[in-house]
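As provided, run15.cif (mmCIF, C-alpha atoms) reads as follows.
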data_run
#
loop_
_atom_site.label_atom_id
_atom_site.label_comp_id
_atom_site.auth_asym_id
_atom_site.auth_seq_id
_atom_site.Cartn_x
_atom_site.Cartn_y
_atom_site.Cartn_z
CA MET A 1474 -0.40 202.54 180.99
CA ILE A 1475 -1.45 202.19 184.60
CA ASP A 1476 -5.20 201.60 184.94
CA PHE A 1477 -6.12 203.94 187.81
CA SER A 1478 -9.80 203.02 187.52
CA LYS A 1479 -9.14 199.78 189.38
CA PHE A 1480 -7.48 201.33 192.42
CA ASP A 1481 -8.96 201.40 195.92
CA TYR A 1482 -9.21 205.18 196.32
CA LYS A 1483 -10.23 205.00 199.98
CA ARG A 1484 -7.01 203.13 200.66
CA LEU A 1485 -5.08 205.69 198.61
CA HIS A 1486 -6.66 208.53 200.59
CA ARG A 1487 -5.67 206.96 203.90
CA CYS A 1488 -2.16 206.49 202.56
CA ALA A 1489 -1.94 210.11 201.44
CA VAL A 1490 -3.29 211.41 204.77
CA ARG A 1491 -0.72 209.42 206.73
CA THR A 1492 2.27 210.30 204.57
CA GLY A 1493 1.34 213.73 203.30
CA ALA A 1494 0.04 214.99 199.98
CA MET A 1495 3.52 215.11 198.49
CA ALA A 1496 3.74 211.33 198.87
CA LEU A 1497 0.54 210.65 196.93
CA PHE A 1498 2.48 209.71 193.83
CA LEU A 1499 4.41 207.13 195.84
CA CYS A 1500 1.11 205.73 197.05
CA LEU A 1501 -0.07 205.41 193.46
CA LEU A 1502 3.07 203.54 192.49
CA THR A 1503 2.69 201.25 195.49
CA ALA A 1504 -0.89 200.51 194.50
CA ALA A 1505 0.17 199.83 190.93
CA ALA A 1506 2.81 197.37 192.07
CA ALA A 1507 0.32 195.65 194.36
CA ARG A 1508 -2.03 195.06 191.44
CA ALA A 1509 0.67 193.78 189.02
CA GLU A 1510 0.23 190.17 187.99
CA SER A 1511 3.38 188.10 188.57
CA ILE A 1512 4.41 185.20 186.35
CA VAL A 1513 7.29 182.74 186.70
CA ILE A 1514 9.09 181.30 183.67
CA ALA A 1515 11.27 178.41 184.87
CA GLY A 1516 13.54 176.12 182.89
CA THR A 1517 16.69 175.86 180.79
CA GLY A 1518 19.84 177.88 181.28
CA ALA A 1519 20.30 178.07 177.51
CA SER A 1520 17.81 180.94 177.30
CA GLN A 1521 18.14 182.29 180.86
CA LYS A 1522 20.16 185.42 180.04
CA MET A 1523 18.12 186.22 176.93
CA PHE A 1524 14.78 185.68 178.69
CA ARG A 1525 15.82 187.98 181.54
CA GLU A 1526 16.56 190.72 179.03
CA VAL A 1527 13.25 190.10 177.25
CA ALA A 1528 11.42 190.07 180.60
CA GLU A 1529 12.87 193.47 181.52
CA ALA A 1530 11.68 194.97 178.23
CA PHE A 1531 8.32 193.20 178.57
CA GLU A 1532 7.70 194.70 182.01
CA LYS A 1533 8.40 198.19 180.70
CA ALA A 1534 5.86 197.65 177.92
CA ASN A 1535 3.40 195.94 180.30
CA PRO A 1536 3.64 197.68 183.70
CA ASP A 1537 0.77 195.61 185.07
CA CYS A 1538 2.86 192.44 184.64
CA GLN A 1539 5.96 191.19 186.45
CA ALA A 1540 7.94 188.36 184.83
CA ALA A 1541 10.43 186.39 186.96
CA ILE A 1542 13.16 184.30 185.30
CA PRO A 1543 14.64 182.10 188.05
CA ASP A 1544 17.97 180.30 187.81
CA SER A 1545 18.15 177.26 185.57
CA VAL A 1546 16.56 173.97 186.51
CA GLY A 1547 16.87 172.57 182.97
CA SER A 1548 14.15 172.04 180.37
CA ARG A 1549 12.79 169.00 182.17
CA GLY A 1550 12.84 170.82 185.51
CA GLY A 1551 10.94 173.74 184.03
CA ILE A 1552 8.27 171.42 182.63
CA ARG A 1553 7.96 169.69 186.00
CA GLN A 1554 7.45 173.02 187.74
CA LEU A 1555 4.84 174.00 185.16
CA LEU A 1556 2.93 170.75 185.71
CA ALA A 1557 3.18 171.21 189.48
CA ALA A 1558 1.77 174.76 189.18
CA LYS A 1559 5.04 176.19 190.53
CA ALA A 1560 5.63 178.09 187.28
CA ASP A 1561 3.33 179.76 184.77
CA LEU A 1562 5.52 178.97 181.76
CA ALA A 1563 8.54 176.77 181.08
CA ARG A 1564 11.53 177.80 178.99
CA VAL A 1565 12.98 174.86 177.07
CA SER A 1566 15.76 174.06 174.60
CA ARG A 1567 14.07 171.05 173.03
CA PRO A 1568 10.73 170.06 171.55
CA LEU A 1569 8.11 168.42 173.71
CA LYS A 1570 8.09 164.66 174.09
CA GLU A 1571 4.97 162.70 173.21
CA GLU A 1572 4.26 161.90 176.86
CA GLU A 1573 4.49 165.62 177.68
CA ARG A 1574 2.08 166.53 174.91
CA ALA A 1575 -0.27 163.89 176.25
CA LYS A 1576 -0.45 165.91 179.47
CA GLY A 1577 -1.87 168.85 177.56
CA LEU A 1578 1.34 170.84 177.22
CA LEU A 1579 1.83 173.16 174.24
CA TYR A 1580 5.09 174.42 172.70
CA THR A 1581 5.91 177.77 171.10
CA GLY A 1582 9.29 178.26 169.44
CA VAL A 1583 10.82 181.71 169.95
CA ALA A 1584 14.45 181.52 168.78
CA GLU A 1585 17.12 179.39 167.17
CA THR A 1586 20.68 179.47 168.44
CA GLN A 1587 23.54 176.96 168.14
CA VAL A 1588 25.70 174.66 170.21
CA VAL A 1589 29.34 175.74 169.97
CA PHE A 1590 32.71 174.48 171.14
CA ALA A 1591 34.46 177.15 173.21
CA VAL A 1592 37.90 177.25 174.81
CA HIS A 1593 39.64 179.19 177.56
CA PRO A 1594 41.72 182.13 176.23
CA SER A 1595 44.89 180.20 177.18
CA VAL A 1596 44.32 177.90 174.19
CA GLU A 1597 46.29 179.84 171.58
CA GLY A 1598 46.93 178.76 168.02
CA VAL A 1599 43.77 176.68 167.62
CA GLN A 1600 41.16 178.31 165.42
CA SER A 1601 39.44 175.30 163.87
CA LEU A 1602 39.07 171.59 164.54
CA THR A 1603 37.83 168.79 162.35
CA VAL A 1604 34.97 166.55 163.42
CA ASP A 1605 37.45 163.71 163.89
CA GLN A 1606 39.65 165.88 166.13
CA LEU A 1607 36.66 166.90 168.27
CA ASN A 1608 35.61 163.29 168.65
CA ASP A 1609 39.15 162.28 169.57
CA ILE A 1610 39.47 165.09 172.15
CA PHE A 1611 36.25 164.22 173.96
CA ALA A 1612 36.98 160.49 173.73
CA GLY A 1613 40.51 160.96 175.12
CA ARG A 1614 42.39 159.84 172.01
CA ILE A 1615 43.86 163.35 171.69
CA SER A 1616 44.95 164.61 175.11
CA ASN A 1617 47.43 167.45 174.43
CA TRP A 1618 46.71 170.73 172.66
CA LYS A 1619 49.98 170.52 170.72
CA GLU A 1620 48.49 167.60 168.77
CA VAL A 1621 46.09 170.05 167.11
CA GLY A 1622 48.42 173.04 166.79
CA GLY A 1623 47.99 174.50 170.25
CA PRO A 1624 50.17 174.86 173.37
CA ASP A 1625 51.98 171.92 174.94
CA HIS A 1626 49.46 171.25 177.68
CA THR A 1627 46.87 168.67 178.68
CA ILE A 1628 43.37 169.19 177.26
CA PHE A 1629 40.51 169.38 179.76
CA PRO A 1630 37.17 168.73 177.96
CA LEU A 1631 33.89 169.63 179.65
CA ILE A 1632 30.29 168.81 178.83
CA ARG A 1633 26.97 168.70 180.62
CA ASP A 1634 26.09 165.21 181.81
CA GLY A 1635 23.08 164.30 179.65
CA GLY A 1636 20.69 167.06 178.71
CA THR A 1637 19.87 168.75 175.45
CA THR A 1638 23.40 169.92 174.58
CA LEU A 1639 24.82 166.41 174.53
CA ARG A 1640 21.82 164.99 172.68
CA THR A 1641 22.18 167.75 170.08
CA LEU A 1642 25.85 166.95 169.56
CA VAL A 1643 25.10 163.24 169.15
CA LYS A 1644 22.48 164.15 166.55
CA TYR A 1645 24.53 166.60 164.47
CA VAL A 1646 28.20 165.65 164.98
CA PRO A 1647 29.01 162.33 163.27
CA HIS A 1648 30.23 159.64 165.69
CA PHE A 1649 30.11 161.90 168.76
CA GLU A 1650 29.89 159.61 171.79
CA LYS A 1651 26.76 159.58 173.94
CA ILE A 1652 29.05 159.33 176.97
CA PRO A 1653 32.31 161.15 176.08
CA ALA A 1654 34.97 159.14 177.90
CA ALA A 1655 37.43 161.97 178.58
CA ALA A 1656 35.00 164.79 179.35
CA LYS A 1657 34.40 166.03 182.86
CA PRO A 1658 30.61 165.95 183.34
CA THR A 1659 29.02 169.15 184.56
CA PHE A 1660 25.64 169.72 186.19
CA SER A 1661 24.55 172.32 183.66
CA SER A 1662 25.74 174.31 180.66
CA LEU A 1663 26.01 177.32 182.98
CA GLU A 1664 28.50 175.35 185.09
CA THR A 1665 30.37 174.44 181.90
CA LYS A 1666 30.65 178.16 181.14
CA ASP A 1667 31.92 178.95 184.65
CA LEU A 1668 34.57 176.22 184.48
CA LEU A 1669 35.70 177.40 181.04
CA LEU A 1670 36.18 180.90 182.42
CA GLU A 1671 38.02 179.72 185.54
CA HIS A 1672 40.35 176.98 184.24
CA PRO A 1673 43.02 177.29 181.52
CA TYR A 1674 43.29 174.76 178.66
CA THR A 1675 39.64 173.74 178.87
CA ILE A 1676 37.25 173.12 175.99
CA GLY A 1677 33.50 172.74 176.35
CA ALA A 1678 30.33 172.42 174.33
CA LEU A 1679 27.43 174.70 175.26
CA PRO A 1680 24.74 176.96 173.78
CA MET A 1681 26.04 180.14 172.17
CA THR A 1682 23.51 182.23 174.11
CA ILE A 1683 25.32 181.41 177.36
CA ILE A 1684 28.73 182.80 176.34
CA VAL A 1685 27.71 185.99 174.53
CA GLY A 1686 29.89 188.76 175.92
CA MET A 1687 32.20 186.32 177.69
CA PRO A 1688 36.01 186.29 177.12
CA LEU A 1689 35.89 182.81 175.60
CA LYS A 1690 36.95 181.79 172.10
CA THR A 1691 34.68 179.73 169.87
CA ILE A 1692 36.27 177.08 167.68
CA ALA A 1693 35.29 176.63 164.03
CA ILE A 1694 34.27 173.14 162.93
CA GLU A 1695 35.77 171.96 159.65
CA GLY A 1696 36.66 175.60 158.99
CA ILE A 1697 33.06 176.74 159.40
CA SER A 1698 32.97 179.54 161.96
CA SER A 1699 30.62 179.51 164.91
CA GLY A 1700 31.44 183.13 165.59
CA ARG A 1701 29.47 185.75 167.42
CA ALA A 1702 27.00 186.59 164.68
CA LEU A 1703 24.43 184.24 163.21
CA VAL A 1704 23.95 185.09 159.55
CA SER A 1705 22.85 181.71 158.25
CA LYS A 1706 21.69 178.30 159.37
CA PRO A 1707 23.82 177.22 162.36
CA ALA A 1708 25.85 174.03 162.00
CA ILE A 1709 24.57 172.60 165.29
CA PRO A 1710 21.13 174.20 165.77
CA LEU A 1711 19.41 174.50 169.11
CA HIS A 1712 15.79 175.63 169.34
CA LEU A 1713 14.59 177.71 172.26
CA GLY A 1714 10.93 177.79 173.16
CA ILE A 1715 8.20 178.26 175.74
CA VAL A 1716 5.90 175.55 177.06
CA HIS A 1717 2.50 176.31 178.51
CA LYS A 1718 -0.81 174.74 179.34
CA GLU A 1719 -4.31 176.08 179.04
CA PRO A 1720 -5.86 178.21 180.32
CA LEU A 1721 -3.24 180.93 180.09
CA GLY A 1722 -3.33 183.99 182.30
CA ALA A 1723 -3.33 187.40 180.66
CA CYS A 1724 0.31 188.24 181.42
CA ALA A 1725 1.57 184.77 180.47
CA SER A 1726 -0.22 185.04 177.14
CA ARG A 1727 1.16 188.51 176.51
CA PHE A 1728 4.67 187.38 177.43
CA ILE A 1729 4.59 184.72 174.70
CA GLU A 1730 3.16 187.23 172.21
CA TYR A 1731 5.87 189.74 173.13
CA PHE A 1732 8.49 187.56 171.42
CA GLN A 1733 7.03 188.68 168.08
CA THR A 1734 7.78 192.36 168.73
CA ASP A 1735 10.69 194.27 167.22
CA GLU A 1736 12.06 194.88 170.72
CA ALA A 1737 12.21 191.16 171.49
CA HIS A 1738 13.71 190.39 168.08
CA ASP A 1739 16.48 192.92 168.74
CA ILE A 1740 17.28 191.25 172.06
CA ILE A 1741 17.29 187.81 170.45
CA GLY A 1742 19.67 189.05 167.75
CA LYS A 1743 22.02 190.57 170.33
CA ASN A 1744 22.17 187.12 171.94
CA ASP A 1745 23.42 185.64 168.63
CA SER A 1746 20.13 183.92 167.92
CA ILE A 1747 17.52 184.04 165.18
CA PRO A 1748 13.90 184.98 166.02
CA LEU A 1749 11.30 182.43 165.01
CA ASN A 1750 7.92 183.32 163.60
CA GLN A 1751 5.22 181.60 165.62
#

Will you turn the file into structure tokens for me?
Amino acid sequence: MIDFSKFDYKRLHRCAVRTGAMALFLCLLTAAAARAESIVIAGTGASQKMFREVAEAFEKANPDCQAAIPDSVGSRGGIRQLLAAKADLARVSRPLKEEERAKGLLYTGVAETQVVFAVHPSVEGVQSLTVDQLNDIFAGRISNWKEVGGPDHTIFPLIRDGGTTLRTLVKYVPHFEKIPAAAKPTFSSLETKDLLLEHPYTIGALPMTIIVGMPLKTIAIEGISSGRALVSKPAIPLHLGIVHKEPLGACASRFIEYFQTDEAHDIIGKNDSIPLNQ
């Protein structure tokens, strides 16, 4: 609800006199917008789409707050902006490091998604790959799709250069190389998604949340599907969270709390993720 008790009624009166009584309601809305507290939540692209949807619902439930979700600068970039007071909260796809905790930063987990391998629709006939085949593709030992049951065409693997996605693969996929020799490095997982959409015969690893609703095909690993609905523990889990520092402003605090609402949980589920209890 809008708190009209805090408005400057002299200013409202002047506004109404200038514009006419019929425009008084517009004046009230303008005053409400002027008093709204704005917060910025910077960080990873892994949760960018989902956070924008949550922010829209949050603003409807909290009309005195405005939540901006800028384009991705990565988890580390979001934390840097938080520390530099350029953001009120940071969205991240990894836990905090010890040196970050030492700076007084606090972490709240909000969702669990998964890293998936996705291919351009041109890659027909390939539904599942073994761990060895994935390793060989990204290392360059398998270079043609026909070697794994697909079309007779060169494979173009893509992966973000460094970052949480690659570290997650190294952690959960046996023998996955820290620097995949054959993969074209991308600046971000969002760029990986764009290149997958634009270029035939590509394969890339990226968070599931980024490709929800996209015409890309996910590849099962060892026959275990990474399809568009999370019903159990993901094979390659990726945790999405919010980083903050004290003291928290009212809207920033309420934004974090909003992730425990049914509305936020529905949005998280529609983004093929699992809500986390804080």

Each residue of segment 1544-1663 of chain A with at least one atom at most 8 Å from segment 1707-1724 of chain A should appear once, together with its nearest atom pair and the corresponding distance in Å (one decimal); atoms considered: only C-alpha atoms; ordering: chain, then increasing residue number; output as JSON lines.
{"residue": "A:Ile1552", "atom": "CA", "partner": "A:Val1716", "partner_atom": "CA", "distance": 7.3}
{"residue": "A:Leu1555", "atom": "CA", "partner": "A:His1717", "partner_atom": "CA", "distance": 7.4}
{"residue": "A:Asp1561", "atom": "CA", "partner": "A:His1717", "partner_atom": "CA", "distance": 7.2}
{"residue": "A:Leu1562", "atom": "CA", "partner": "A:His1717", "partner_atom": "CA", "distance": 5.2}
{"residue": "A:Ala1563", "atom": "CA", "partner": "A:Val1716", "partner_atom": "CA", "distance": 5.0}
{"residue": "A:Arg1564", "atom": "CA", "partner": "A:Ile1715", "partner_atom": "CA", "distance": 4.7}
{"residue": "A:Val1565", "atom": "CA", "partner": "A:Gly1714", "partner_atom": "CA", "distance": 5.3}
{"residue": "A:Ser1566", "atom": "CA", "partner": "A:Leu1713", "partner_atom": "CA", "distance": 4.5}
{"residue": "A:Arg1567", "atom": "CA", "partner": "A:His1712", "partner_atom": "CA", "distance": 6.1}
{"residue": "A:Pro1568", "atom": "CA", "partner": "A:His1712", "partner_atom": "CA", "distance": 7.8}
{"residue": "A:Gly1577", "atom": "CA", "partner": "A:Lys1718", "partner_atom": "CA", "distance": 6.2}
{"residue": "A:Leu1578", "atom": "CA", "partner": "A:Lys1718", "partner_atom": "CA", "distance": 4.9}
{"residue": "A:Leu1579", "atom": "CA", "partner": "A:His1717", "partner_atom": "CA", "distance": 5.3}
{"residue": "A:Tyr1580", "atom": "CA", "partner": "A:Val1716", "partner_atom": "CA", "distance": 4.6}
{"residue": "A:Thr1581", "atom": "CA", "partner": "A:Ile1715", "partner_atom": "CA", "distance": 5.2}
{"residue": "A:Gly1582", "atom": "CA", "partner": "A:Gly1714", "partner_atom": "CA", "distance": 4.1}
{"residue": "A:Val1583", "atom": "CA", "partner": "A:Gly1714", "partner_atom": "CA", "distance": 5.1}
{"residue": "A:Ala1584", "atom": "CA", "partner": "A:Leu1713", "partner_atom": "CA", "distance": 5.2}
{"residue": "A:Glu1585", "atom": "CA", "partner": "A:His1712", "partner_atom": "CA", "distance": 4.5}
{"residue": "A:Thr1586", "atom": "CA", "partner": "A:Leu1711", "partner_atom": "CA", "distance": 5.2}
{"residue": "A:Gln1587", "atom": "CA", "partner": "A:Pro1710", "partner_atom": "CA", "distance": 4.4}
{"residue": "A:Val1588", "atom": "CA", "partner": "A:Ile1709", "partner_atom": "CA", "distance": 5.5}
{"residue": "A:Val1589", "atom": "CA", "partner": "A:Ile1709", "partner_atom": "CA", "distance": 7.4}
{"residue": "A:Thr1641", "atom": "CA", "partner": "A:Ile1709", "partner_atom": "CA", "distance": 7.2}
{"residue": "A:Leu1642", "atom": "CA", "partner": "A:Ile1709", "partner_atom": "CA", "distance": 7.2}
{"residue": "A:Tyr1645", "atom": "CA", "partner": "A:Ile1709", "partner_atom": "CA", "distance": 6.1}
{"residue": "A:Val1646", "atom": "CA", "partner": "A:Ile1709", "partner_atom": "CA", "distance": 7.8}

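Shortest separation to Glu1532 of chain A among A:Ile1697, A:Val1546, A:Ile1684, A:Ala1509 occurs at residue A:Ala1509, atoms counted being all atoms listed in the file.
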
Hey, could you make a per-residue contact list for segment 1535-1620 of chain A against segment 1669-1676 of chain A with 12 Å as the cut-off, showing the nearest pair of atoms and its distance in Å to one decimal, counting only C-alpha atoms, sorted by chain and number, as a Markdown table?
| residue | atom | partner | partner_atom | distance |
| --- | --- | --- | --- | --- |
| A:Val1589 | CA | A:Ile1676 | CA | 10.3 |
| A:Phe1590 | CA | A:Ile1676 | CA | 6.8 |
| A:Ala1591 | CA | A:Ile1676 | CA | 5.6 |
| A:Val1592 | CA | A:Ile1676 | CA | 4.3 |
| A:His1593 | CA | A:Pro1673 | CA | 5.5 |
| A:Pro1594 | CA | A:Pro1673 | CA | 7.3 |
| A:Ser1595 | CA | A:Pro1673 | CA | 5.5 |
| A:Val1596 | CA | A:Tyr1674 | CA | 5.6 |
| A:Glu1597 | CA | A:Tyr1674 | CA | 9.2 |
| A:Gly1598 | CA | A:Tyr1674 | CA | 11.9 |
| A:Val1599 | CA | A:Ile1676 | CA | 11.2 |
| A:Leu1602 | CA | A:Ile1676 | CA | 11.7 |
| A:Leu1607 | CA | A:Ile1676 | CA | 9.9 |
| A:Ile1610 | CA | A:Ile1676 | CA | 9.2 |
| A:Phe1611 | CA | A:Ile1676 | CA | 9.2 |
| A:Ser1616 | CA | A:Tyr1674 | CA | 10.9 |
| A:Asn1617 | CA | A:Tyr1674 | CA | 9.4 |
| A:Trp1618 | CA | A:Tyr1674 | CA | 8.0 |
| A:Lys1619 | CA | A:Tyr1674 | CA | 11.2 |

Here atom CA of Leu1749 of chain A and atom CA of Gln1733 of chain A stand apart by 8.2 Å

Lys1666 of chain A surroundings by all atoms listed in the file, 8 Å radius, close-in-sequence under 2 positions cut, as a PyMOL selection string: chain A and resi 1662-1664+1668-1670+1677+1679+1683-1684

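Put simply, atom CA of Ala1693 of chain A is 26.7 Å away from atom CA of Gly1547 of chain A.
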
Quick one: everything within 8 Å of Val1513 of chain A, counting all atoms listed in the file, minus sequence neighbours fewer than 4 positions away in the same chain. Send it as a PyMOL selection string. chain A and resi 1540-1543+1559-1562

Let me have the centre and edge lengths of the axis-aligned box enclosing all listed atoms of segment 1529-1541 of chain A with 8 Å padding on every side, in Å to one decimal, as AutoDock Vina command-line options.
--center_x 6.8 --center_y 192.3 --center_z 182.4 --size_x 28.1 --size_y 27.8 --size_z 25.0

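A straight line drawn from atom CA of Thr1665 of chain A to atom CA of Ser1520 of chain A is 14.9 Å long.
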
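Running the PyMOL selection byres ((chain A and resi 1731) around 10) on this file leaves Val1527, Ala1528, Ala1530, Phe1531, Ala1534, Asn1535, Val1583, Ala1725, Ser1726, Arg1727, Phe1728, Ile1729, Glu1730, Phe1732, Gln1733, Thr1734, Asp1735, Glu1736, Ala1737 and His1738 of chain A selected.
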
Could you give me, as a PyMOL selection string, the residues that have an atom at most 9 Å away from the point (36.2, 172.5, 158.6) in the coordinates of the file, using all atoms listed in the file? chain A and resi 1601-1604+1693-1698

Neighbours of Glu1510 of chain A within 8 Å (all atoms listed in the file; same-chain residues fewer than 5 positions away dropped), as a ChimeraX atom specification? /A:1537-1539,1724

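Distances from A:Lys1576, A:Arg1614, A:Gly1518, A:Ala1558 to Phe1660 of chain A were compared using only C-alpha atoms, and the smallest one belongs to A:Gly1518.
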
Would you list the residues near (22.5, 188.7, 172.3) (no more than 12 Å away, in the coordinates of the file, using only C-alpha atoms) as a PyMOL selection string? chain A and resi 1520-1527+1584-1586+1681-1687+1701-1703+1737-1748

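What the PyMOL selection byres ((chain A and resi 1656) around 7) picks from this file is A:Phe1611, A:Pro1630, A:Leu1631, A:Ile1632, A:Pro1653, A:Ala1654, A:Ala1655, A:Lys1657, A:Pro1658.
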